$ cat target_16.csv   # CSV, C-alpha atoms and all ligand atoms
chain,number,residue,atom,x,y,z
A,1,MET,CA,12.1,-5.8,-25.6
A,2,GLU,CA,9.2,-3.5,-24.9
A,3,VAL,CA,7.7,-4.4,-21.5
A,4,GLY,CA,4.8,-2.0,-21.5
A,5,GLY,CA,4.2,1.5,-20.3
A,6,GLU,CA,4.0,0.7,-16.7
A,7,ALA,CA,7.6,-0.5,-16.7
A,8,MET,CA,8.8,3.0,-16.2
A,9,MET,CA,6.1,4.1,-13.9
A,10,ARG,CA,7.4,4.3,-10.3
A,11,VAL,CA,4.9,3.6,-7.6
A,12,GLN,CA,6.3,6.3,-5.5
A,13,ALA,CA,5.4,8.8,-8.2
A,14,LEU,CA,1.8,7.6,-8.3
A,15,SER,CA,1.6,7.7,-4.5
A,16,GLU,CA,3.0,11.2,-4.3
A,17,ALA,CA,0.7,12.4,-7.1
A,18,GLY,CA,-2.0,11.8,-4.5
A,19,VAL,CA,-4.2,9.5,-6.6
A,20,SER,CA,-7.3,8.6,-4.6
A,21,GLN,CA,-7.9,5.3,-6.5
A,22,VAL,CA,-5.2,2.8,-7.5
A,23,PRO,CA,-4.9,2.4,-11.3
A,24,PRO,CA,-6.4,-0.8,-12.6
A,25,PRO,CA,-3.1,-2.6,-13.2
A,26,TYR,CA,-2.5,-2.6,-9.5
A,27,ILE,CA,-5.9,-4.1,-8.5
A,28,GLN,CA,-5.6,-7.7,-7.3
A,29,LEU,CA,-8.1,-10.3,-8.3
A,30,PRO,CA,-10.6,-10.7,-5.5
A,31,HIS,CA,-9.2,-14.0,-4.2
A,32,ASN,CA,-5.7,-12.5,-3.8
A,33,ARG,CA,-6.8,-9.3,-2.0
A,34,PRO,CA,-5.7,-9.0,1.6
A,35,GLN,CA,-8.5,-9.5,4.2
A,36,LEU,CA,-7.3,-6.5,6.2
A,37,LYS,CA,-9.8,-6.8,9.0
A,38,PHE,CA,-8.9,-10.4,9.8
A,39,ASN,CA,-5.3,-10.7,9.1
A,40,THR,CA,-3.6,-9.8,12.4
A,41,SER,CA,-1.6,-12.5,13.9
A,42,SER,CA,-3.7,-12.8,17.1
A,43,THR,CA,-7.4,-12.5,16.0
A,44,SER,CA,-8.1,-15.9,14.7
A,45,ASN,CA,-5.8,-18.2,16.6
A,46,ASN,CA,-6.2,-19.0,20.3
A,47,ASN,CA,-2.8,-20.6,20.5
A,48,GLN,CA,-0.7,-17.5,20.8
A,49,SER,CA,2.6,-19.4,21.0
A,50,SER,CA,2.3,-20.6,17.5
A,51,SER,CA,0.7,-17.5,16.0
A,52,ILE,CA,3.9,-15.8,14.8
A,53,PRO,CA,7.1,-17.4,13.5
A,54,PRO,CA,9.4,-18.3,16.4
A,55,VAL,CA,12.2,-16.1,17.7
A,56,ILE,CA,15.3,-18.2,18.2
A,57,ASP,CA,18.3,-17.0,20.3
A,58,LEU,CA,21.4,-18.1,18.6
A,59,PHE,CA,23.6,-17.4,21.7
A,60,ASN,CA,26.2,-16.0,19.3
A,61,PHE,CA,26.8,-19.6,18.1
A,62,LYS,CA,28.4,-20.7,21.4
A,63,PRO,CA,29.3,-24.4,21.0
A,64,ASN,CA,27.6,-25.4,24.2
A,65,CYS,CA,24.3,-24.0,23.0
A,66,ARG,CA,24.4,-25.7,19.6
A,67,ASP,CA,22.2,-28.7,20.5
A,68,LEU,CA,19.5,-26.5,21.8
A,69,VAL,CA,19.6,-24.0,18.9
A,70,ARG,CA,19.7,-26.8,16.3
A,71,GLU,CA,16.6,-28.4,17.8
A,72,SER,CA,14.7,-25.1,17.8
A,73,ILE,CA,15.7,-24.4,14.2
A,74,GLY,CA,14.5,-27.9,13.1
A,75,ARG,CA,11.1,-27.3,14.7
A,76,ALA,CA,10.8,-23.8,13.2
A,77,CYS,CA,11.8,-25.1,9.7
A,78,ARG,CA,9.2,-27.9,9.9
A,79,GLU,CA,6.4,-25.7,11.2
A,80,TRP,CA,7.0,-22.4,9.4
A,81,GLY,CA,9.9,-22.5,6.9
A,82,ALA,CA,10.8,-19.2,8.6
A,83,PHE,CA,12.0,-18.0,12.0
A,84,HIS,CA,13.5,-14.9,13.6
A,85,VAL,CA,17.0,-15.0,15.0
A,86,THR,CA,18.5,-12.9,17.8
A,87,SER,CA,22.1,-12.8,19.3
A,88,HIS,CA,23.2,-13.4,15.7
A,89,GLY,CA,26.3,-11.3,16.0
A,90,ILE,CA,25.3,-8.5,13.6
A,91,PRO,CA,25.4,-5.1,15.4
A,92,THR,CA,21.9,-3.6,15.6
A,93,SER,CA,23.5,-0.3,14.4
A,94,LEU,CA,24.3,-1.9,11.1
A,95,LEU,CA,20.7,-3.1,10.7
A,96,ASP,CA,19.6,0.5,11.5
A,97,HIS,CA,22.1,2.0,9.1
A,98,ILE,CA,21.1,0.0,6.1
A,99,LYS,CA,17.4,0.8,6.7
A,100,ALA,CA,18.2,4.5,7.1
A,101,ALA,CA,20.4,4.6,4.0
A,102,GLY,CA,17.7,2.9,1.9
A,103,LEU,CA,15.0,5.2,3.3
A,104,SER,CA,17.1,8.2,2.6
A,105,PHE,CA,17.6,7.1,-1.0
A,106,PHE,CA,14.0,6.5,-1.7
A,107,LYS,CA,12.6,9.5,0.2
A,108,HIS,CA,15.2,12.2,-0.5
A,109,CYS,CA,16.8,11.4,-3.9
A,110,PRO,CA,14.6,13.0,-6.6
A,111,ILE,CA,12.9,10.5,-8.9
A,112,PRO,CA,14.9,11.7,-12.0
A,113,ASP,CA,18.1,11.0,-10.1
A,114,LYS,CA,16.9,7.6,-9.0
A,115,LEU,CA,16.0,6.8,-12.6
A,116,LYS,CA,19.6,7.1,-13.6
A,117,TYR,CA,20.0,3.8,-11.7
A,118,SER,CA,17.1,2.1,-13.5
A,119,CYS,CA,17.5,-1.7,-13.8
A,120,ASN,CA,17.2,-3.3,-17.2
A,121,PRO,CA,13.5,-4.2,-17.4
A,122,SER,CA,14.2,-6.9,-20.0
A,123,SER,CA,16.5,-9.2,-18.0
A,124,PHE,CA,16.0,-11.2,-14.8
A,125,ALA,CA,16.9,-9.7,-11.5
A,126,SER,CA,19.0,-7.0,-13.1
A,127,GLU,CA,20.8,-4.7,-10.7
A,128,GLY,CA,19.3,-1.2,-10.0
A,129,TYR,CA,16.1,0.7,-9.4
A,130,GLY,CA,12.9,-0.9,-10.5
A,131,SER,CA,9.3,-1.5,-9.8
A,132,ARG,CA,8.3,-4.7,-11.4
A,133,MET,CA,9.5,-8.1,-10.5
A,134,LEU,CA,8.3,-10.2,-13.4
A,135,LEU,CA,9.4,-10.2,-17.0
A,136,LEU,CA,6.3,-10.4,-19.0
A,137,GLY,CA,6.5,-9.0,-22.5
A,138,LYS,CA,3.5,-8.6,-24.8
A,139,ASP,CA,4.6,-11.7,-26.8
A,140,ASP,CA,4.5,-13.8,-23.7
A,141,PRO,CA,1.7,-16.4,-23.6
A,142,HIS,CA,1.2,-15.6,-20.0
A,143,ASN,CA,0.1,-12.3,-21.2
A,144,GLU,CA,0.8,-8.8,-20.0
A,145,GLY,CA,-2.9,-8.1,-19.6
A,146,ASN,CA,-3.2,-10.7,-16.8
A,147,VAL,CA,-0.4,-9.4,-14.7
A,148,VAL,CA,-1.2,-7.4,-11.6
A,149,LEU,CA,1.5,-5.0,-10.6
A,150,ASP,CA,3.0,-4.8,-7.1
A,151,TRP,CA,2.7,-1.5,-5.1
A,152,ARG,CA,6.4,-1.4,-4.6
A,153,ASP,CA,9.7,0.2,-5.9
A,154,TYR,CA,13.0,-1.5,-5.1
A,155,PHE,CA,16.7,-1.3,-5.6
A,156,ASP,CA,18.6,-4.6,-6.3
A,157,HIS,CA,22.3,-4.9,-5.5
A,158,HIS,CA,24.6,-7.7,-6.7
A,159,THR,CA,27.0,-8.3,-3.8
A,160,PHE,CA,28.5,-11.8,-4.2
A,161,PRO,CA,30.6,-13.3,-5.7
A,162,LEU,CA,32.9,-10.3,-5.4
A,163,SER,CA,33.4,-10.3,-9.2
A,164,ARG,CA,29.8,-9.1,-9.5
A,165,ARG,CA,30.1,-6.4,-6.9
A,166,ASN,CA,30.4,-2.9,-8.4
A,167,PRO,CA,29.4,-0.2,-5.9
A,168,SER,CA,29.6,2.5,-8.6
A,169,ARG,CA,26.3,1.1,-9.8
A,170,TRP,CA,24.7,1.7,-6.4
A,171,PRO,CA,23.2,5.0,-5.1
A,172,HIS,CA,25.7,7.7,-4.5
A,173,PHE,CA,23.3,9.2,-1.9
A,174,PRO,CA,23.4,9.3,1.1
A,175,PRO,CA,27.2,9.5,1.0
A,176,ASP,CA,27.8,6.4,3.1
A,177,TYR,CA,25.3,4.3,1.2
A,178,ARG,CA,27.8,2.2,-0.8
A,179,GLU,CA,30.0,1.5,2.2
A,180,ILE,CA,27.0,0.4,4.4
A,181,VAL,CA,25.7,-1.9,1.7
A,182,ALA,CA,29.1,-3.6,1.3
A,183,MET,CA,29.5,-4.0,5.0
A,184,TYR,CA,26.0,-5.4,5.4
A,185,ALA,CA,26.6,-7.8,2.5
A,186,ASP,CA,29.7,-9.2,4.1
A,187,GLN,CA,28.1,-9.7,7.5
A,188,MET,CA,24.9,-11.3,6.0
A,189,MET,CA,27.1,-13.8,4.0
A,190,THR,CA,28.8,-14.9,7.2
A,191,LEU,CA,25.5,-15.3,9.0
A,192,ALA,CA,23.9,-17.1,6.1
A,193,GLN,CA,26.8,-19.6,6.0
A,194,LYS,CA,26.5,-20.3,9.7
A,195,LEU,CA,22.7,-20.7,9.5
A,196,MET,CA,23.1,-23.1,6.5
A,197,GLY,CA,25.4,-25.2,8.8
A,198,LEU,CA,22.8,-25.3,11.6
A,199,ILE,CA,20.0,-26.1,9.2
A,200,SER,CA,22.0,-29.0,7.7
A,201,GLU,CA,22.8,-30.4,11.1
A,202,SER,CA,19.2,-30.1,12.1
A,203,LEU,CA,18.4,-32.7,9.4
A,204,GLY,CA,21.2,-35.0,10.6
A,205,LEU,CA,23.4,-34.0,7.6
A,206,ARG,CA,27.0,-32.9,7.9
A,207,SER,CA,27.3,-29.2,8.7
A,208,SER,CA,28.6,-28.2,5.2
A,209,TYR,CA,25.9,-30.2,3.3
A,210,ILE,CA,23.7,-27.3,2.1
A,211,GLU,CA,26.6,-25.0,1.4
A,212,ASP,CA,28.5,-27.8,-0.6
A,213,ALA,CA,25.3,-28.5,-2.6
A,214,VAL,CA,24.6,-24.9,-3.4
A,215,GLY,CA,28.3,-24.3,-4.4
A,216,GLU,CA,29.6,-20.8,-4.8
A,217,LEU,CA,27.0,-18.5,-3.2
A,218,TYR,CA,25.4,-15.7,-5.2
A,219,GLN,CA,24.1,-13.0,-3.0
A,220,ASN,CA,21.7,-10.2,-4.0
A,221,ILE,CA,20.3,-7.5,-1.7
A,222,THR,CA,16.9,-6.0,-2.5
A,223,ILE,CA,15.8,-2.9,-0.6
A,224,SER,CA,12.0,-2.6,-1.1
A,225,TYR,CA,10.1,0.6,-0.6
A,226,TYR,CA,6.3,0.5,-0.4
A,227,PRO,CA,4.7,4.0,-0.7
A,228,PRO,CA,1.4,4.7,1.1
A,229,CYS,CA,-1.4,3.2,-1.0
A,230,PRO,CA,-4.9,4.9,-1.2
A,231,GLN,CA,-6.7,1.5,-1.4
A,232,PRO,CA,-4.7,-1.1,0.6
A,233,GLU,CA,-7.7,-3.5,0.5
A,234,LEU,CA,-7.3,-3.9,-3.3
A,235,THR,CA,-3.6,-4.2,-3.6
A,236,LEU,CA,-0.5,-6.0,-2.6
A,237,GLY,CA,3.0,-4.5,-2.0
A,238,LEU,CA,4.4,-7.7,-3.2
A,239,GLN,CA,2.4,-10.7,-4.6
A,240,SER,CA,2.4,-14.1,-2.8
A,241,HIS,CA,5.6,-16.0,-3.6
A,242,SER,CA,8.4,-18.2,-2.1
A,243,ASP,CA,12.0,-17.1,-2.7
A,244,MET,CA,13.9,-19.0,-5.4
A,245,GLY,CA,17.3,-19.7,-3.9
A,246,ALA,CA,18.6,-21.3,-0.7
A,247,ILE,CA,17.9,-18.9,2.2
A,248,THR,CA,16.8,-15.3,2.5
A,249,LEU,CA,17.6,-13.0,5.5
A,250,LEU,CA,15.1,-10.2,5.9
A,251,ILE,CA,14.8,-7.1,8.0
A,252,GLN,CA,11.9,-4.7,8.0
A,253,ASP,CA,11.3,-1.3,9.5
A,254,ASP,CA,8.7,-0.8,12.3
A,255,VAL,CA,5.7,-0.3,10.0
A,256,GLY,CA,4.9,-4.0,9.4
A,257,GLY,CA,3.2,-5.5,6.4
A,258,LEU,CA,5.1,-8.8,5.7
A,259,GLN,CA,2.8,-11.8,5.9
A,260,LEU,CA,3.6,-15.5,5.9
A,261,LEU,CA,1.2,-18.3,4.9
A,262,ASN,CA,0.9,-20.8,7.8
A,263,HIS,CA,-1.8,-23.6,7.8
A,264,ASN,CA,-3.6,-21.7,5.0
A,265,ARG,CA,-3.8,-18.5,7.0
A,266,TRP,CA,-2.0,-15.3,6.3
A,267,VAL,CA,-0.1,-14.2,9.4
A,268,THR,CA,1.4,-10.8,9.8
A,269,VAL,CA,5.0,-10.9,10.9
A,270,PRO,CA,5.6,-8.4,13.6
A,271,PRO,CA,8.6,-6.1,13.1
A,272,LEU,CA,11.3,-6.9,15.7
A,273,SER,CA,14.0,-4.2,15.6
A,274,ASN,CA,17.1,-6.3,16.4
A,275,ALA,CA,16.0,-9.6,15.0
A,276,ILE,CA,16.6,-11.0,11.5
A,277,LEU,CA,13.9,-13.2,9.8
A,278,VAL,CA,15.3,-16.3,8.1
A,279,ILE,CA,13.2,-17.5,5.2
A,280,LEU,CA,13.8,-20.9,3.6
A,281,ALA,CA,13.7,-20.7,-0.1
A,282,ASP,CA,12.8,-23.2,-2.8
A,283,GLN,CA,16.2,-24.9,-3.4
A,284,THR,CA,16.3,-25.7,0.3
A,285,GLU,CA,12.9,-27.4,0.0
A,286,ILE,CA,14.3,-29.5,-2.9
A,287,MET,CA,17.5,-30.4,-1.1
A,288,THR,CA,15.6,-31.4,2.0
A,289,ASN,CA,13.3,-33.5,-0.1
A,290,GLY,CA,10.4,-31.5,1.3
A,291,LYS,CA,11.2,-32.2,4.9
A,292,TYR,CA,11.5,-28.4,5.1
A,293,ARG,CA,9.2,-26.3,3.0
A,294,SER,CA,10.0,-22.9,1.6
A,295,ALA,CA,7.8,-20.2,3.2
A,296,GLN,CA,5.2,-18.6,1.1
A,297,HIS,CA,5.0,-14.8,1.8
A,298,ARG,CA,3.7,-11.5,0.6
A,299,ALA,CA,3.6,-7.8,1.6
A,300,ILE,CA,0.5,-5.8,2.2
A,301,THR,CA,0.3,-2.0,1.9
A,302,ASN,CA,-1.2,0.6,4.1
A,303,ALA,CA,-2.9,4.0,3.5
A,304,THR,CA,-0.7,6.2,5.7
A,305,GLN,CA,2.9,5.1,6.0
A,306,SER,CA,5.6,4.1,3.6
A,307,ARG,CA,7.4,0.9,4.5
A,308,LEU,CA,10.9,-0.4,3.9
A,309,SER,CA,12.4,-3.9,4.0
A,310,VAL,CA,15.9,-5.3,3.1
A,311,ALA,CA,16.0,-8.8,1.8
A,312,THR,CA,19.3,-10.6,1.3
A,313,PHE,CA,19.1,-13.6,-1.0
A,314,HIS,CA,21.6,-16.5,-1.1
A,315,ASP,CA,21.4,-18.5,-4.3
A,316,PRO,CA,23.3,-21.1,-6.3
A,317,ALA,CA,25.1,-20.3,-9.5
A,318,LYS,CA,22.8,-20.6,-12.6
A,319,ALA,CA,24.6,-23.8,-13.8
A,320,THR,CA,24.2,-25.6,-10.5
A,321,LYS,CA,22.0,-28.7,-10.4
A,322,ILE,CA,19.9,-29.1,-7.3
A,323,SER,CA,18.3,-32.3,-6.2
A,324,PRO,CA,17.1,-34.0,-3.0
A,325,ALA,CA,19.9,-35.1,-0.6
A,326,SER,CA,20.4,-38.8,-1.1
A,327,GLU,CA,20.6,-39.2,2.8
A,328,LEU,CA,17.0,-37.9,3.0
A,329,VAL,CA,15.7,-39.9,0.0
A,330,GLU,CA,16.7,-43.2,1.6
A,331,GLU,CA,13.9,-42.7,4.1
A,332,SER,CA,11.2,-41.7,1.6
A,333,SER,CA,11.3,-41.7,-2.2
A,334,PRO,CA,12.5,-38.6,-4.1
A,335,GLN,CA,9.8,-36.0,-4.1
A,336,TYR,CA,11.3,-33.5,-6.5
A,337,ARG,CA,13.0,-33.7,-9.9
A,338,GLU,CA,16.5,-32.4,-10.3
A,339,VAL,CA,16.6,-28.9,-11.6
A,340,VAL,CA,19.3,-26.6,-13.1
A,341,TYR,CA,19.0,-23.5,-11.0
A,342,GLY,CA,19.1,-21.1,-14.0
A,343,ASP,CA,16.1,-22.9,-15.6
A,344,TYR,CA,14.2,-22.6,-12.3
A,345,VAL,CA,14.9,-18.8,-12.3
A,346,SER,CA,13.8,-18.3,-15.9
A,347,SER,CA,10.5,-20.1,-15.2
A,348,TRP,CA,9.9,-18.1,-12.0
A,349,TYR,CA,10.4,-14.7,-13.7
A,350,THR,CA,8.4,-15.5,-16.9
A,351,LYS,CA,5.5,-17.5,-15.5
A,352,GLY,CA,5.3,-15.7,-12.2
A,353,PRO,CA,5.6,-17.4,-8.8
A,354,ASP,CA,1.8,-17.6,-8.3
A,355,GLY,CA,2.3,-18.6,-4.7
A,356,LYS,CA,4.4,-21.8,-5.0
A,357,ARG,CA,3.3,-23.0,-8.4
A,358,ASN,CA,6.9,-22.9,-9.7
A,359,ILE,CA,8.3,-25.4,-7.2
A,360,ASP,CA,5.2,-27.5,-7.4
A,361,SER,CA,5.9,-28.1,-11.0
A,362,LEU,CA,9.0,-30.2,-9.9
A,363,LEU,CA,7.0,-32.5,-7.7
A,364,LEU,CA,7.2,-36.1,-8.7
A,365,ASN,CA,4.0,-37.4,-7.2
A,401,LIG,O1,9.0,-6.5,2.0
A,401,LIG,C1,9.0,-7.6,2.5
A,401,LIG,O2,8.8,-7.8,3.7
A,401,LIG,C2,9.1,-8.9,1.7
A,401,LIG,C3,10.2,-8.8,0.6
A,401,LIG,C4,10.3,-10.1,-0.2
A,401,LIG,O3,9.6,-11.0,0.1
A,401,LIG,C5,11.2,-10.2,-1.3
A,401,LIG,O4,11.9,-9.2,-1.6
A,401,LIG,O5,11.4,-11.3,-1.8
A,402,FE,FE,10.4,-12.9,-0.8
$ encode --input "target_16.csv" --output "structure tokens"
Amino acid sequence: MEVGGEAMMRVQALSEAGVSQVPPPYIQLPHNRPQLKFNTSSTSNNNQSSSIPPVIDLFNFKPNCRDLVRESIGRACREWGAFHVTSHGIPTSLLDHIKAAGLSFFKHCPIPDKLKYSCNPSSFASEGYGSRMLLLGKDDPHNEGNVVLDWRDYFDHHTFPLSRRNPSRWPHFPPDYREIVAMYADQMMTLAQKLMGLISESLGLRSSYIEDAVGELYQNITISYYPPCPQPELTLGLQSHSDMGAITLLIQDDVGGLQLLNHNRWVTVPPLSNAILVILADQTEIMTNGKYRSAQHRAITNATQSRLSVATFHDPAKATKISPASELVEESSPQYREVVYGDYVSSWYTKGPDGKRNIDSLLLN
């Protein structure tokens, strides 16, 4: 399928060419543009304690701290759908290594070499080097002409189940890249499983509830690279969306640019070097019958610095059916229709997330 000329255009190439104005396909509609003067976390909120997503100490999962941690997680999930964790058991050096490896690939590997790893632009979430998230062909009723492109390049890695993991498809540069990504994938999987346990418990469900409902976990790691942008006020690094799967674990470098929507306000998430941001995704919202909402987020760009983030997604298999937990429906009626995860993914990639429109289409009332 021909996806349009921009499909092969890398944002990094545009940025390095020194364009002084962003090309029209990257200009957001006025209501989606970031209000750069007013979007810092502290300017428009007097209540400082609730102005950024909470930072929760996991005390390395010590059993005698579990009640306390569970309670904090429940509160954060209700108020934000996202929270930072510290004392999570992942060495800070591994967080630093994966950011350094990603940055080295994007900054030092020449674009023609990077293009050898290009993802297939005509299938969903295909592994490799890419620039556009959505799959909109010219035959699509949602129409190529209406799509605004993100100011971002990325590399997507398929890491679990192990049958999908093939490091020879990942960058060969820097030399330890593949080993670091594999180690990072393993550690994030363990952490995601422990967090799903705590999140389940925080709802009064058995610890294994979410993991059992999700079934075999599919994990993808996306390293996003946002080059400097000459007109950050007109663009987004990544459009507003909620993630599709169960939970996402995100780290970012110290530049900053991730924003979360909270009470209708875009809040900039400060980079915390040894913390990991946990983002609830749409299948968790469905399973919890809306008790916990997936977090709507986006990335903004800036004129002077490139920015890097590493998002690790944990999703159900395509054939898995997801529905609200019966234990949570007993108290209120079901709020969401059951969905086959693969159908949810196709709709997300073809229509576009448009904030949370995709999950809203499953609402029963
Ligand atoms: O770059 C970021 O901070 C956000 C990345 C993200 O939301 C995603 O990859 O889904
Ligand atoms: Fe995301």
$ closest_residue --input "target_16.csv" --among "A:Glu285, A:Asp150, A:Asp57, A:Asp113" --to "ligand LIG 401 (chain A)" --atoms "all atoms listed in the file"
A:Asp150
$ closest_residue --input "target_16.csv" --among "A:Gly89, A:Pro353, A:Pro25, A:Gly197" --to "ligand FE 402 (chain A)" --atoms "all atoms listed in the file"
A:Pro353
$ residues_around --input "target_16.csv" --residues "region 326-331 of chain A" --least-positions-apart "2" --cutoff "10 Å" --atoms "all atoms listed in the file" --output "list of chain:residue names"
A:Leu203, A:Gly204, A:Leu205, A:Met287, A:Thr288, A:Asn289, A:Gly290, A:Lys291, A:Ser323, A:Pro324, A:Ser333, A:Pro334, A:Gln335
$ closest_atom_pairs --input "target_16.csv" --of "chain A" --to "ligand FE 402 (chain A)" --cutoff "9 Å" --atoms "only C-alpha atoms and all ligand atoms" --output "Markdown table"
| residue | atom | partner | partner_atom | distance |
| --- | --- | --- | --- | --- |
| A:Leu238 | CA | A:FE402 | FE | 8.3 |
| A:Ser240 | CA | A:FE402 | FE | 8.3 |
| A:His241 | CA | A:FE402 | FE | 6.4 |
| A:Ser242 | CA | A:FE402 | FE | 5.8 |
| A:Asp243 | CA | A:FE402 | FE | 4.9 |
| A:Met244 | CA | A:FE402 | FE | 8.4 |
| A:Thr248 | CA | A:FE402 | FE | 7.6 |
| A:Leu250 | CA | A:FE402 | FE | 8.6 |
| A:Ile279 | CA | A:FE402 | FE | 8.1 |
| A:Ala281 | CA | A:FE402 | FE | 8.5 |
| A:Ala295 | CA | A:FE402 | FE | 8.7 |
| A:Gln296 | CA | A:FE402 | FE | 7.9 |
| A:His297 | CA | A:FE402 | FE | 6.3 |
| A:Arg298 | CA | A:FE402 | FE | 7.0 |
| A:Ala299 | CA | A:FE402 | FE | 8.8 |
| A:Ala311 | CA | A:FE402 | FE | 7.4 |
| A:Phe313 | CA | A:FE402 | FE | 8.7 |
$ residues_around --input "target_16.csv" --residues "Gly130 (chain A)" --least-positions-apart "4" --cutoff "12 Å" --atoms "only C-alpha atoms" --output "PDB file with C-alpha atoms, in the frame of the given file"
ATOM      1  CA  GLU A   6       4.000   0.700 -16.700  1.00  0.00           C
ATOM      2  CA  ALA A   7       7.600  -0.500 -16.700  1.00  0.00           C
ATOM      3  CA  MET A   8       8.800   3.000 -16.200  1.00  0.00           C
ATOM      4  CA  MET A   9       6.100   4.100 -13.900  1.00  0.00           C
ATOM      5  CA  ARG A  10       7.400   4.300 -10.300  1.00  0.00           C
ATOM      6  CA  VAL A  11       4.900   3.600  -7.600  1.00  0.00           C
ATOM      7  CA  GLN A  12       6.300   6.300  -5.500  1.00  0.00           C
ATOM      8  CA  PHE A 106      14.000   6.500  -1.700  1.00  0.00           C
ATOM      9  CA  ILE A 111      12.900  10.500  -8.900  1.00  0.00           C
ATOM     10  CA  LYS A 114      16.900   7.600  -9.000  1.00  0.00           C
ATOM     11  CA  LEU A 115      16.000   6.800 -12.600  1.00  0.00           C
ATOM     12  CA  LYS A 116      19.600   7.100 -13.600  1.00  0.00           C
ATOM     13  CA  TYR A 117      20.000   3.800 -11.700  1.00  0.00           C
ATOM     14  CA  SER A 118      17.100   2.100 -13.500  1.00  0.00           C
ATOM     15  CA  CYS A 119      17.500  -1.700 -13.800  1.00  0.00           C
ATOM     16  CA  ASN A 120      17.200  -3.300 -17.200  1.00  0.00           C
ATOM     17  CA  PRO A 121      13.500  -4.200 -17.400  1.00  0.00           C
ATOM     18  CA  SER A 122      14.200  -6.900 -20.000  1.00  0.00           C
ATOM     19  CA  SER A 123      16.500  -9.200 -18.000  1.00  0.00           C
ATOM     20  CA  PHE A 124      16.000 -11.200 -14.800  1.00  0.00           C
ATOM     21  CA  ALA A 125      16.900  -9.700 -11.500  1.00  0.00           C
ATOM     22  CA  SER A 126      19.000  -7.000 -13.100  1.00  0.00           C
ATOM     23  CA  LEU A 134       8.300 -10.200 -13.400  1.00  0.00           C
ATOM     24  CA  LEU A 135       9.400 -10.200 -17.000  1.00  0.00           C
ATOM     25  CA  ASP A 150       3.000  -4.800  -7.100  1.00  0.00           C
ATOM     26  CA  TRP A 151       2.700  -1.500  -5.100  1.00  0.00           C
ATOM     27  CA  ARG A 152       6.400  -1.400  -4.600  1.00  0.00           C
ATOM     28  CA  ASP A 153       9.700   0.200  -5.900  1.00  0.00           C
ATOM     29  CA  TYR A 154      13.000  -1.500  -5.100  1.00  0.00           C
ATOM     30  CA  PHE A 155      16.700  -1.300  -5.600  1.00  0.00           C
ATOM     31  CA  ASP A 156      18.600  -4.600  -6.300  1.00  0.00           C
ATOM     32  CA  HIS A 157      22.300  -4.900  -5.500  1.00  0.00           C
ATOM     33  CA  THR A 222      16.900  -6.000  -2.500  1.00  0.00           C
ATOM     34  CA  ILE A 223      15.800  -2.900  -0.600  1.00  0.00           C
ATOM     35  CA  SER A 224      12.000  -2.600  -1.100  1.00  0.00           C
ATOM     36  CA  TYR A 225      10.100   0.600  -0.600  1.00  0.00           C
TER      37      TYR A 225
END
$ closest_residue --input "target_16.csv" --among "A:Pro24, A:Pro171, A:Pro161, A:Gly74" --to "Pro54 (chain A)" --atoms "all atoms listed in the file"
A:Gly74
$ residues_around --input "target_16.csv" --residues "region 302-305 of chain A" --least-positions-apart "3" --cutoff "6 Å" --atoms "only C-alpha atoms" --output "list in words"
Pro228, Cys229, Pro230 and Pro232 of chain A
$ closest_residue --input "target_16.csv" --among "A:Ser294, A:Thr86, A:Asn264, A:Gln193" --to "Ser207 (chain A)" --atoms "all atoms listed in the file"
A:Gln193
$ atom_distance --input "target_16.csv" --atom1 "CA of Ser332 (chain A)" --atom2 "CA of Leu364 (chain A)"
12.4 Å
$ residues_near_point --input "target_16.csv" --point "(18.2, 6.7, 4.1)" --cutoff "12 Å" --atoms "only C-alpha atoms" --output "PDB file with C-alpha atoms, in the coordinates of the input"
ATOM      1  CA  ASP A  96      19.600   0.500  11.500  1.00  0.00           C
ATOM      2  CA  HIS A  97      22.100   2.000   9.100  1.00  0.00           C
ATOM      3  CA  ILE A  98      21.100   0.000   6.100  1.00  0.00           C
ATOM      4  CA  LYS A  99      17.400   0.800   6.700  1.00  0.00           C
ATOM      5  CA  ALA A 100      18.200   4.500   7.100  1.00  0.00           C
ATOM      6  CA  ALA A 101      20.400   4.600   4.000  1.00  0.00           C
ATOM      7  CA  GLY A 102      17.700   2.900   1.900  1.00  0.00           C
ATOM      8  CA  LEU A 103      15.000   5.200   3.300  1.00  0.00           C
ATOM      9  CA  SER A 104      17.100   8.200   2.600  1.00  0.00           C
ATOM     10  CA  PHE A 105      17.600   7.100  -1.000  1.00  0.00           C
ATOM     11  CA  PHE A 106      14.000   6.500  -1.700  1.00  0.00           C
ATOM     12  CA  LYS A 107      12.600   9.500   0.200  1.00  0.00           C
ATOM     13  CA  HIS A 108      15.200  12.200  -0.500  1.00  0.00           C
ATOM     14  CA  CYS A 109      16.800  11.400  -3.900  1.00  0.00           C
ATOM     15  CA  PRO A 171      23.200   5.000  -5.100  1.00  0.00           C
ATOM     16  CA  HIS A 172      25.700   7.700  -4.500  1.00  0.00           C
ATOM     17  CA  PHE A 173      23.300   9.200  -1.900  1.00  0.00           C
ATOM     18  CA  PRO A 174      23.400   9.300   1.100  1.00  0.00           C
ATOM     19  CA  PRO A 175      27.200   9.500   1.000  1.00  0.00           C
ATOM     20  CA  ASP A 176      27.800   6.400   3.100  1.00  0.00           C
ATOM     21  CA  TYR A 177      25.300   4.300   1.200  1.00  0.00           C
ATOM     22  CA  ARG A 178      27.800   2.200  -0.800  1.00  0.00           C
ATOM     23  CA  ILE A 180      27.000   0.400   4.400  1.00  0.00           C
ATOM     24  CA  VAL A 181      25.700  -1.900   1.700  1.00  0.00           C
ATOM     25  CA  ILE A 223      15.800  -2.900  -0.600  1.00  0.00           C
ATOM     26  CA  TYR A 225      10.100   0.600  -0.600  1.00  0.00           C
ATOM     27  CA  ASP A 253      11.300  -1.300   9.500  1.00  0.00           C
ATOM     28  CA  LEU A 308      10.900  -0.400   3.900  1.00  0.00           C
TER      29      LEU A 308
END
